[in-house]
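Source file: model_16.txt (compact mmCIF, C-alpha atoms)
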# COMPACT_ATOMS: atom_id res chain seq x y z
CA MET A 1 0.00 0.00 0.00
CA GLN A 2 2.74 2.38 0.99
CA ASP A 3 4.70 1.31 -2.08
CA ALA A 4 1.77 1.90 -4.39
CA ILE A 5 1.37 5.50 -3.22
CA LEU A 6 5.10 6.10 -3.55
CA LEU A 7 5.14 4.69 -7.10
CA LYS A 8 2.18 6.85 -8.06
CA ILE A 9 3.96 9.93 -6.75
CA VAL A 10 7.05 9.02 -8.80
CA PHE A 11 5.00 8.52 -11.97
CA TYR A 12 3.12 11.79 -11.63
CA PHE A 13 6.37 13.63 -10.92
CA LEU A 14 7.95 12.21 -14.08
CA ALA A 15 4.86 12.94 -16.17
CA ALA A 16 4.65 16.53 -14.93
CA ALA A 17 8.38 17.02 -15.58
CA ILE A 18 8.04 15.74 -19.16
CA ALA A 19 4.98 17.90 -19.91
CA VAL A 20 6.31 21.12 -18.36
CA PHE A 21 9.88 20.92 -19.66
CA SER A 22 8.89 19.89 -23.18
CA VAL A 23 6.58 22.89 -23.44
CA MET A 24 9.28 25.15 -22.00
CA ALA A 25 11.88 23.77 -24.41
CA VAL A 26 9.86 24.95 -27.41
CA THR A 27 8.70 28.28 -25.98
CA THR A 28 11.84 29.72 -24.36
CA ARG A 29 13.64 32.42 -26.29
CA ARG A 30 17.19 31.43 -25.39
CA ILE A 31 18.47 28.50 -27.37
CA LEU A 32 20.92 27.27 -24.72
CA ARG A 33 18.07 27.07 -22.24
CA ALA A 34 16.04 25.08 -24.76
CA ALA A 35 18.87 22.53 -24.90
CA THR A 36 18.93 22.33 -21.10
CA TYR A 37 15.16 21.76 -20.91
CA LEU A 38 15.53 19.07 -23.58
CA LEU A 39 18.11 17.41 -21.32
CA PHE A 40 15.60 17.42 -18.45
CA VAL A 41 12.92 15.90 -20.70
CA LEU A 42 15.30 13.13 -21.75
CA PHE A 43 16.23 12.43 -18.11
CA ALA A 44 12.54 12.13 -17.22
CA THR A 45 12.03 9.80 -20.19
CA ALA A 46 14.86 7.61 -18.92
CA GLY A 47 13.12 7.66 -15.53
CA LEU A 48 9.94 6.44 -17.23
CA TYR A 49 11.87 3.52 -18.76
CA PHE A 50 13.27 2.65 -15.33
CA PHE A 51 9.72 2.90 -13.98
CA LEU A 52 8.56 0.34 -16.56
CA ASN A 53 11.42 -1.97 -15.47
CA TYR A 54 13.35 -1.51 -18.71
CA SER A 55 16.62 -0.72 -16.98
CA PHE A 56 18.76 -1.49 -20.03
CA LEU A 57 16.72 0.93 -22.14
CA GLY A 58 16.93 3.63 -19.48
CA ALA A 59 20.69 3.22 -19.26
CA VAL A 60 21.04 3.44 -23.06
CA GLN A 61 18.86 6.56 -23.09
CA LEU A 62 20.99 8.19 -20.40
CA MET A 63 24.29 7.32 -22.09
CA VAL A 64 23.38 8.17 -25.69
CA TYR A 65 21.35 11.29 -25.04
CA ALA A 66 22.84 12.86 -21.92
CA GLY A 67 26.36 11.75 -22.79
CA GLY A 68 26.38 12.26 -26.54
CA VAL A 69 23.57 14.16 -28.16
CA ILE A 70 23.20 16.99 -25.65
CA ILE A 71 26.96 17.63 -25.65
CA LEU A 72 26.77 17.83 -29.44
CA TYR A 73 23.90 20.32 -29.21
CA VAL A 74 25.70 22.52 -26.69
CA PHE A 75 28.90 22.54 -28.74
CA SER A 76 27.04 23.43 -31.93
CA ILE A 77 25.12 26.21 -30.17
CA LEU A 78 28.37 27.64 -28.86
CA LEU A 79 30.05 27.26 -32.28
CA THR A 80 27.30 29.06 -34.13
CA SER A 81 27.14 31.54 -31.22
CA THR A 82 23.54 32.57 -31.62
CA ASP A 83 22.43 32.57 -28.04
CA LYS A 84 19.39 34.64 -28.81
CA GLU A 85 16.82 34.16 -31.51
CA SER A 86 15.99 37.21 -33.57
CA PRO A 87 12.94 38.92 -32.05
CA SER A 88 9.65 38.05 -33.62
CA PRO A 89 6.18 39.30 -32.72
CA LEU A 90 4.81 37.39 -29.77
CA PHE A 91 1.50 36.53 -31.43
CA SER A 92 2.00 36.24 -35.13
CA LEU A 93 -0.34 34.37 -37.44
CA ARG A 94 2.04 31.43 -37.70
CA ARG A 95 2.23 31.13 -33.92
CA TRP A 96 -1.57 31.13 -33.62
CA ILE A 97 -1.92 28.48 -36.30
CA ALA A 98 0.71 26.28 -34.66
CA MET A 99 -0.89 26.70 -31.23
CA ILE A 100 -4.38 25.85 -32.48
CA ALA A 101 -3.09 22.87 -34.46
CA SER A 102 -1.13 21.39 -31.57
CA ILE A 103 -3.81 21.94 -28.91
CA GLY A 104 -6.42 20.48 -31.26
CA GLY A 105 -4.11 17.55 -31.94
CA ILE A 106 -3.56 16.90 -28.23
CA CYS A 107 -7.32 16.98 -27.59
CA LEU A 108 -8.02 14.62 -30.51
CA VAL A 109 -5.31 12.12 -29.58
CA ALA A 110 -6.21 12.18 -25.88
CA PHE A 111 -9.88 11.59 -26.73
CA LEU A 112 -9.01 8.67 -29.00
CA VAL A 113 -6.61 7.14 -26.48
CA LEU A 114 -8.97 7.46 -23.53
CA THR A 115 -12.05 6.11 -25.34
CA ASN A 116 -10.38 3.35 -27.33
CA VAL A 117 -11.08 -0.21 -26.25
CA TRP A 118 -7.73 -1.98 -26.08
CA PRO A 119 -7.71 -5.66 -26.99
CA GLU A 120 -6.11 -7.03 -23.83
CA VAL A 121 -4.17 -4.91 -21.37
CA HIS A 122 -1.89 -6.92 -19.11
CA ALA A 123 -0.56 -5.72 -15.81
CA PRO A 124 3.04 -4.66 -16.38
CA ALA A 125 5.55 -7.26 -15.32
CA THR A 126 7.55 -6.27 -12.30
CA ASP A 127 10.67 -8.22 -13.18
CA GLU A 128 13.57 -7.06 -15.29
CA VAL A 129 14.19 -8.26 -18.83
CA ASN A 130 16.96 -10.78 -18.48
CA MET A 131 20.32 -9.45 -19.67
CA LYS A 132 21.21 -12.81 -21.23
CA LEU A 133 17.95 -12.77 -23.18
CA ILE A 134 18.71 -9.28 -24.50
CA GLY A 135 22.15 -10.40 -25.65
CA HIS A 136 20.85 -13.52 -27.39
CA THR A 137 18.05 -11.56 -29.08
CA LEU A 138 20.45 -8.91 -30.32
CA MET A 139 22.96 -11.42 -31.66
CA GLY A 140 20.76 -14.21 -33.00
CA THR A 141 19.77 -14.91 -36.59
CA GLU A 142 16.51 -16.77 -36.01
CA LYS A 143 12.97 -15.43 -36.17
CA GLY A 144 12.49 -12.51 -33.80
CA GLN A 145 16.20 -11.93 -33.36
CA TYR A 146 18.04 -8.89 -34.51
CA LEU A 147 21.55 -9.53 -35.81
CA LEU A 148 20.89 -8.00 -39.26
CA PRO A 149 19.42 -4.68 -37.99
CA PHE A 150 22.28 -4.51 -35.51
CA GLU A 151 24.88 -4.77 -38.28
CA LEU A 152 22.90 -2.30 -40.40
CA MET A 153 23.01 0.14 -37.49
CA SER A 154 26.78 -0.16 -37.29
CA VAL A 155 27.12 0.52 -41.04
CA LEU A 156 24.74 3.48 -40.69
CA LEU A 157 26.76 4.94 -37.83
CA LEU A 158 29.99 4.54 -39.81
CA ALA A 159 28.38 6.20 -42.84
CA CYS A 160 27.11 9.12 -40.79
CA MET A 161 30.51 9.55 -39.15
CA VAL A 162 32.19 9.76 -42.55
CA GLY A 163 29.41 12.01 -43.84
CA GLY A 164 29.67 14.35 -40.86
CA ILE A 165 33.40 14.76 -41.32
CA LEU A 166 33.00 15.25 -45.07
CA ILE A 167 30.26 17.88 -44.73
CA ALA A 168 31.78 19.87 -41.88
CA ARG A 169 35.41 19.89 -43.01
CA LYS A 170 37.12 23.11 -44.04
CA ARG A 171 37.36 23.57 -47.78
CA SER A 172 40.65 24.90 -48.98
CA MET B 1 -2.06 -4.79 -9.78
CA GLU B 2 -3.47 -1.94 -11.82
CA LEU B 3 -1.17 0.81 -10.64
CA ILE B 4 -1.01 3.33 -13.47
CA PRO B 5 -3.31 2.80 -16.49
CA MET B 6 -1.66 2.57 -19.89
CA GLU B 7 -3.56 5.58 -21.21
CA TYR B 8 -1.72 7.97 -18.87
CA TYR B 9 1.62 7.12 -20.45
CA LEU B 10 0.14 7.68 -23.91
CA VAL B 11 -1.29 11.07 -22.94
CA VAL B 12 2.11 12.17 -21.61
CA SER B 13 3.85 11.10 -24.80
CA SER B 14 1.25 12.84 -26.97
CA ILE B 15 1.75 16.10 -25.05
CA MET B 16 5.47 15.77 -25.79
CA PHE B 17 4.79 14.99 -29.45
CA PHE B 18 2.61 18.04 -30.03
CA ALA B 19 5.01 20.31 -28.15
CA GLY B 20 7.56 19.12 -30.70
CA ILE B 21 5.18 19.87 -33.58
CA TYR B 22 4.55 23.36 -32.22
CA GLY B 23 8.27 24.06 -31.95
CA PHE B 24 8.91 22.66 -35.41
CA ILE B 25 6.45 25.14 -36.92
CA THR B 26 7.29 28.25 -34.90
CA ARG B 27 11.04 28.22 -34.21
CA LYS B 28 13.34 30.26 -36.44
CA ASN B 29 16.71 28.88 -35.38
CA LEU B 30 17.80 25.66 -37.09
CA ILE B 31 19.14 24.13 -33.85
CA ALA B 32 15.83 24.86 -32.10
CA VAL B 33 14.02 23.10 -34.94
CA LEU B 34 16.33 20.12 -34.41
CA ILE B 35 15.52 20.11 -30.67
CA SER B 36 11.81 19.94 -31.55
CA VAL B 37 12.44 16.97 -33.86
CA GLU B 38 14.24 15.28 -30.99
CA LEU B 39 11.14 15.71 -28.78
CA VAL B 40 8.96 14.05 -31.43
CA LEU B 41 11.35 11.09 -31.79
CA THR B 42 11.58 10.53 -28.04
CA SER B 43 7.80 10.56 -27.63
CA THR B 44 7.47 7.75 -30.18
CA ASP B 45 10.12 5.80 -28.26
CA ILE B 46 7.97 6.01 -25.11
CA ASN B 47 5.02 4.66 -27.09
CA PHE B 48 7.00 1.65 -28.32
CA ALA B 49 8.14 0.75 -24.81
CA VAL B 50 4.68 1.23 -23.28
CA PHE B 51 2.87 -0.85 -25.91
CA ASN B 52 5.40 -3.62 -25.51
CA ARG B 53 5.06 -3.63 -21.74
CA PHE B 54 1.28 -3.51 -21.50
CA LEU B 55 -0.05 -5.25 -24.61
CA PHE B 56 2.61 -7.85 -25.46
CA PRO B 57 4.50 -8.61 -22.25
CA GLY B 58 6.07 -11.81 -23.57
CA HIS B 59 7.76 -10.17 -26.55
CA LEU B 60 10.77 -7.89 -26.96
CA GLU B 61 9.97 -6.12 -30.24
CA GLY B 62 9.06 -2.73 -28.78
CA MET B 63 12.19 -2.60 -26.66
CA PHE B 64 14.46 -3.34 -29.61
CA PHE B 65 12.66 -0.86 -31.85
CA THR B 66 13.28 1.76 -29.16
CA LEU B 67 16.97 0.80 -29.03
CA PHE B 68 17.38 1.12 -32.80
CA SER B 69 15.37 4.34 -32.82
CA ILE B 70 17.72 5.86 -30.22
CA GLY B 71 20.71 4.89 -32.39
CA ILE B 72 19.17 6.31 -35.56
CA SER B 73 18.25 9.59 -33.89
CA ALA B 74 21.85 9.94 -32.67
CA ALA B 75 23.08 9.45 -36.26
CA GLU B 76 20.52 11.94 -37.57
CA THR B 77 21.62 14.53 -35.00
CA ALA B 78 25.28 14.17 -35.95
CA VAL B 79 24.67 14.69 -39.67
CA ALA B 80 22.21 17.54 -39.10
CA ILE B 81 24.65 19.40 -36.87
CA ALA B 82 27.40 18.97 -39.46
CA ILE B 83 25.08 20.52 -42.04
CA ILE B 84 24.17 23.38 -39.67
CA ILE B 85 27.84 24.17 -39.04
CA ASN B 86 28.42 24.17 -42.79
CA ILE B 87 25.51 26.60 -43.24
CA TYR B 88 26.91 28.85 -40.52
CA ARG B 89 30.24 28.91 -42.32
CA ASN B 90 28.54 30.04 -45.53
CA ILE B 91 25.98 32.62 -44.42
CA LYS B 92 27.19 33.43 -40.85
CA ASN B 93 23.95 32.66 -39.08
CA VAL B 94 21.50 29.79 -38.74
CA GLU B 95 18.14 31.51 -39.12
CA VAL B 96 15.66 29.64 -41.28
CA ARG B 97 14.51 32.66 -43.25
CA ASN B 98 18.00 33.56 -44.44
CA LEU B 99 18.52 30.10 -45.80
CA LYS B 100 18.28 30.16 -49.56
CA LYS B 101 21.20 28.12 -50.77
CA LEU B 102 23.17 25.27 -49.26
CA LYS B 103 26.25 25.63 -51.41
CA ASP B 104 27.73 28.44 -53.45
Take the structure I supplied and represent it as structure tokens, if you would.
Amino acid sequence: MQDAILLKIVFYFLAAAIAVFSVMAVTTRRILRAATYLLFVLFATAGLYFFLNYSFLGAVQLMVYAGGVIILYVFSILLTSTDKESPSPLFSLRRWIAMIASIGGICLVAFLVLTNVWPEVHAPATDEVNMKLIGHTLMGTEKGQYLLPFELMSVLLLACMVGGILIARKRS
Amino acid sequence: MELIPMEYYLVVSSIMFFAGIYGFITRKNLIAVLISVELVLTSTDINFAVFNRFLFPGHLEGMFFTLFSIGISAAETAVAIAIIINIYRNIKNVEVRNLKKLKD
């Protein structure tokens, strides 16, 4: 009983953090602050994965995003040195259209999600996904195993590394 | 044990998704547009994990799709930032409205 209340508090805290910081990340005027709010959103998402007992996924999210992507963002913001966006009118036509479209979209999707009849909702398992199972699934070649996508990912990452160097290099 | 219903997770991820859409339409800076795209991608990752956990608890597909999606979004960010730095070198700022040519 005590645990259930505690878990509910944790979930609502994470949900509120995701909602508030994602809205702040797209409405703040300073770009470096937007990157920081994005970092908070990604931390809360990793917390949600831990909450669902996907510890491996949460760890990957923390490492790749907090360790790699956000650093890349901060460096590129500092390199292009545009800490402030050029001032635009606070309520332009484009802003109104975007606001109406996204609020309407949220209402529509929330209505559909809350009224839909799901086929069979199970209670979430409380045990971890076995690490050995993850390894075998990632490295196997049978049905439902993912060796080929894994290798494709490595080729993709190599290609994007070469492409990044090629695009961003200084031309003499 | 019905602790948190599945719909709550989906509502949270849809709020994140439409915040990303809003930013994608309204922001002027290219890096801010990229941050909005990142929000959209992460919200779909939450959906994969939640559907896997609640609807198909014996399978692992959603978890591995989330893993590959995280990897692909990292690759996409790297290439996009290389392009943005190249643009900055050519036209000295990264505002969307000044962007008319990628290469001279």
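Put simply, CA of Phe48 (chain B) is 4.9 Å away from CA of Gly62 (chain B).
Using only C-alpha atoms, the nearest neighbour of Phe68 (chain B) within the list A:Val64, A:Ile9, A:Ala25, A:Cys107 is A:Val64.
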Which one is closest to Val129 (chain A): A:Thr28, A:Thr36, A:Asn116, A:Asn53? Count all atoms listed in the file. A:Asn53
Distance filter 6 Å, only C-alpha atoms, chain A against chain B, as a VMD selection string: chain A and resid 22 to 23 26 95 98 102 110 121 to 122 124 164 168
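The space separating CA of Met153 (chain A) from CA of Ile167 (chain A) comes to 20.5 Å.
Summary of the local environment: counting all atoms listed in the file, residues at most 10 Å from Gln145 (chain A), other than itself and those fewer than 4 positions away along its chain, are Ile134, Gly135, His136, Thr137, Leu138, Met139, Gly140, Thr141, Pro149 and Phe150 of chain A; Leu60, Glu61 and Phe64 of chain B.
Each of B:Leu99, B:Asn47, B:Val37, B:Leu30 was compared to Leu48 (chain A) using all atoms listed in the file, and B:Asn47 turns out to be the nearest.
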Straight-line distance linking CA of Gly105 (chain A) with CA of Gly47 (chain A), stated in Å to one decimal: 25.8 Å
Can I get a file of region 5-93 of chain B from the given structure, C-alpha atoms kept, as a tab-separated table (two decimals), in the first residue's frame?
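Contents of the output file decode.tsv:
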chain	number	residue	atom	x	y	z
B	5	PRO	CA	-3.31	2.80	-16.49
B	6	MET	CA	-1.66	2.57	-19.89
B	7	GLU	CA	-3.56	5.58	-21.21
B	8	TYR	CA	-1.72	7.97	-18.87
B	9	TYR	CA	1.62	7.12	-20.45
B	10	LEU	CA	0.14	7.68	-23.91
B	11	VAL	CA	-1.29	11.07	-22.94
B	12	VAL	CA	2.11	12.17	-21.61
B	13	SER	CA	3.85	11.10	-24.80
B	14	SER	CA	1.25	12.84	-26.97
B	15	ILE	CA	1.75	16.10	-25.05
B	16	MET	CA	5.47	15.77	-25.79
B	17	PHE	CA	4.79	14.99	-29.45
B	18	PHE	CA	2.61	18.04	-30.03
B	19	ALA	CA	5.01	20.31	-28.15
B	20	GLY	CA	7.56	19.12	-30.70
B	21	ILE	CA	5.18	19.87	-33.58
B	22	TYR	CA	4.55	23.36	-32.22
B	23	GLY	CA	8.27	24.06	-31.95
B	24	PHE	CA	8.91	22.66	-35.41
B	25	ILE	CA	6.45	25.14	-36.92
B	26	THR	CA	7.29	28.25	-34.90
B	27	ARG	CA	11.04	28.22	-34.21
B	28	LYS	CA	13.34	30.26	-36.44
B	29	ASN	CA	16.71	28.88	-35.38
B	30	LEU	CA	17.80	25.66	-37.09
B	31	ILE	CA	19.14	24.13	-33.85
B	32	ALA	CA	15.83	24.86	-32.10
B	33	VAL	CA	14.02	23.10	-34.94
B	34	LEU	CA	16.33	20.12	-34.41
B	35	ILE	CA	15.52	20.11	-30.67
B	36	SER	CA	11.81	19.94	-31.55
B	37	VAL	CA	12.44	16.97	-33.86
B	38	GLU	CA	14.24	15.28	-30.99
B	39	LEU	CA	11.14	15.71	-28.78
B	40	VAL	CA	8.96	14.05	-31.43
B	41	LEU	CA	11.35	11.09	-31.79
B	42	THR	CA	11.58	10.53	-28.04
B	43	SER	CA	7.80	10.56	-27.63
B	44	THR	CA	7.47	7.75	-30.18
B	45	ASP	CA	10.12	5.80	-28.26
B	46	ILE	CA	7.97	6.01	-25.11
B	47	ASN	CA	5.02	4.66	-27.09
B	48	PHE	CA	7.00	1.65	-28.32
B	49	ALA	CA	8.14	0.75	-24.81
B	50	VAL	CA	4.68	1.23	-23.28
B	51	PHE	CA	2.87	-0.85	-25.91
B	52	ASN	CA	5.40	-3.62	-25.51
B	53	ARG	CA	5.06	-3.63	-21.74
B	54	PHE	CA	1.28	-3.51	-21.50
B	55	LEU	CA	-0.05	-5.25	-24.61
B	56	PHE	CA	2.61	-7.85	-25.46
B	57	PRO	CA	4.50	-8.61	-22.25
B	58	GLY	CA	6.07	-11.81	-23.57
B	59	HIS	CA	7.76	-10.17	-26.55
B	60	LEU	CA	10.77	-7.89	-26.96
B	61	GLU	CA	9.97	-6.12	-30.24
B	62	GLY	CA	9.06	-2.73	-28.78
B	63	MET	CA	12.19	-2.60	-26.66
B	64	PHE	CA	14.46	-3.34	-29.61
B	65	PHE	CA	12.66	-0.86	-31.85
B	66	THR	CA	13.28	1.76	-29.16
B	67	LEU	CA	16.97	0.80	-29.03
B	68	PHE	CA	17.38	1.12	-32.80
B	69	SER	CA	15.37	4.34	-32.82
B	70	ILE	CA	17.72	5.86	-30.22
B	71	GLY	CA	20.71	4.89	-32.39
B	72	ILE	CA	19.17	6.31	-35.56
B	73	SER	CA	18.25	9.59	-33.89
B	74	ALA	CA	21.85	9.94	-32.67
B	75	ALA	CA	23.08	9.45	-36.26
B	76	GLU	CA	20.52	11.94	-37.57
B	77	THR	CA	21.62	14.53	-35.00
B	78	ALA	CA	25.28	14.17	-35.95
B	79	VAL	CA	24.67	14.69	-39.67
B	80	ALA	CA	22.21	17.54	-39.10
B	81	ILE	CA	24.65	19.40	-36.87
B	82	ALA	CA	27.40	18.97	-39.46
B	83	ILE	CA	25.08	20.52	-42.04
B	84	ILE	CA	24.17	23.38	-39.67
B	85	ILE	CA	27.84	24.17	-39.04
B	86	ASN	CA	28.42	24.17	-42.79
B	87	ILE	CA	25.51	26.60	-43.24
B	88	TYR	CA	26.91	28.85	-40.52
B	89	ARG	CA	30.24	28.91	-42.32
B	90	ASN	CA	28.54	30.04	-45.53
B	91	ILE	CA	25.98	32.62	-44.42
B	92	LYS	CA	27.19	33.43	-40.85
B	93	ASN	CA	23.95	32.66	-39.08
